[in-house]
Amino acid sequence: MSDIKEKIEQELEEARTVCDVSGANSAECAAAWDAVEELQAAASHQKVEEEKKTSLESYCDDNPDAAECRLYDD
């Protein structure tokens, strides 16, 4: 999740720069802000997916080698 937050910060900075150079009403400015909005939506969807996990699933994500997290084939 921190990767997407960093990417959002980068895109925000880029959008501000593009809008300063191209003008607030330019197509380039609109496209830059669209990219920011798409990343924010992706982060929101990712957060919702993480909230659906059980505590065991979260634990196993962090500790895949734990005995509780082992999967056995029949």
# chains A, B, ... in the order shown; residues from 1 in each chain; ligands from 1
>>> residues_around(residues="range 44-53 of chain A", least_positions_apart="4", cutoff="12 Å", atoms="only C-alpha atoms", output="list in words")
Met1, Ser2, Asp3, Ile4, Lys5, Ile8, Glu37, Glu38, Leu39, Gln40, Glu57, Ser58, Tyr59, Cys60 and Asp61 of chain A
>>> write_last_selection(atoms="N, CA, C and O atoms", output="JSON list (two decimals), in the first residue's frame")
[["chain", "number", "residue", "atom", "x", "y", "z"],
["A", 1, "MET", "N", 0.82, -1.19, 0.00],
["A", 1, "MET", "CA", 0.00, 0.00, 0.00],
["A", 1, "MET", "C", 0.86, 1.26, 0.00],
["A", 1, "MET", "O", 0.47, 2.26, -0.56],
["A", 2, "SER", "N", 2.02, 1.19, 0.63],
["A", 2, "SER", "CA", 2.88, 2.37, 0.67],
["A", 2, "SER", "C", 3.41, 2.72, -0.73],
["A", 2, "SER", "O", 3.66, 3.88, -1.01],
["A", 3, "ASP", "N", 3.57, 1.70, -1.59],
["A", 3, "ASP", "CA", 4.02, 1.97, -2.95],
["A", 3, "ASP", "C", 3.02, 2.83, -3.70],
["A", 3, "ASP", "O", 3.39, 3.76, -4.41],
["A", 4, "ILE", "N", 1.76, 2.52, -3.53],
["A", 4, "ILE", "CA", 0.73, 3.28, -4.24],
["A", 4, "ILE", "C", 0.62, 4.69, -3.67],
["A", 4, "ILE", "O", 0.39, 5.64, -4.40],
["A", 5, "LYS", "N", 0.83, 4.84, -2.38],
["A", 5, "LYS", "CA", 0.81, 6.18, -1.77],
["A", 5, "LYS", "C", 1.95, 7.02, -2.32],
["A", 5, "LYS", "O", 1.77, 8.21, -2.61],
["A", 8, "ILE", "N", 1.05, 8.05, -5.80],
["A", 8, "ILE", "CA", 0.07, 9.13, -5.79],
["A", 8, "ILE", "C", 0.75, 10.47, -5.53],
["A", 8, "ILE", "O", 0.46, 11.47, -6.20],
["A", 37, "GLU", "N", -6.47, 10.71, -10.05],
["A", 37, "GLU", "CA", -7.75, 10.15, -9.62],
["A", 37, "GLU", "C", -7.79, 8.64, -9.79],
["A", 37, "GLU", "O", -8.33, 7.93, -8.95],
["A", 38, "GLU", "N", -7.21, 8.13, -10.88],
["A", 38, "GLU", "CA", -7.18, 6.69, -11.10],
["A", 38, "GLU", "C", -6.36, 5.98, -10.02],
["A", 38, "GLU", "O", -6.75, 4.93, -9.52],
["A", 39, "LEU", "N", -5.23, 6.56, -9.66],
["A", 39, "LEU", "CA", -4.41, 5.98, -8.61],
["A", 39, "LEU", "C", -5.13, 6.01, -7.25],
["A", 39, "LEU", "O", -5.05, 5.06, -6.48],
["A", 40, "GLN", "N", -5.81, 7.10, -6.98],
["A", 40, "GLN", "CA", -6.55, 7.19, -5.73],
["A", 40, "GLN", "C", -7.67, 6.16, -5.67],
["A", 40, "GLN", "O", -7.92, 5.55, -4.63],
["A", 57, "GLU", "N", -5.81, -14.62, 7.70],
["A", 57, "GLU", "CA", -5.29, -14.31, 6.37],
["A", 57, "GLU", "C", -4.25, -13.20, 6.44],
["A", 57, "GLU", "O", -3.20, -13.29, 5.77],
["A", 58, "SER", "N", -4.50, -12.19, 7.23],
["A", 58, "SER", "CA", -3.53, -11.12, 7.40],
["A", 58, "SER", "C", -2.25, -11.63, 8.02],
["A", 58, "SER", "O", -1.14, -11.27, 7.61],
["A", 59, "TYR", "N", -2.39, -12.50, 9.04],
["A", 59, "TYR", "CA", -1.23, -13.08, 9.70],
["A", 59, "TYR", "C", -0.42, -13.90, 8.70],
["A", 59, "TYR", "O", 0.81, -13.81, 8.66],
["A", 60, "CYS", "N", -1.10, -14.70, 7.90],
["A", 60, "CYS", "CA", -0.40, -15.55, 6.93],
["A", 60, "CYS", "C", 0.26, -14.74, 5.82],
["A", 60, "CYS", "O", 1.28, -15.14, 5.28],
["A", 61, "ASP", "N", -0.32, -13.60, 5.48],
["A", 61, "ASP", "CA", 0.33, -12.72, 4.51],
["A", 61, "ASP", "C", 1.67, -12.24, 5.04],
["A", 61, "ASP", "O", 2.65, -12.13, 4.30]]
>>> select_by_dssp(residues="chain A", states="alpha helix (DSSP H)", output="PyMOL selection string")
chain A and resi 2-22+27-51+55-62
>>> closest_residue(among="A:Ala42, A:Asp20, A:Cys69, A:Ala35", to="Ser55 in chain A", atoms="only C-alpha atoms")
A:Cys69
>>> atom_distance(atom1="CA of Asp65 in chain A", atom2="CA of Glu6 in chain A")
28.8 Å
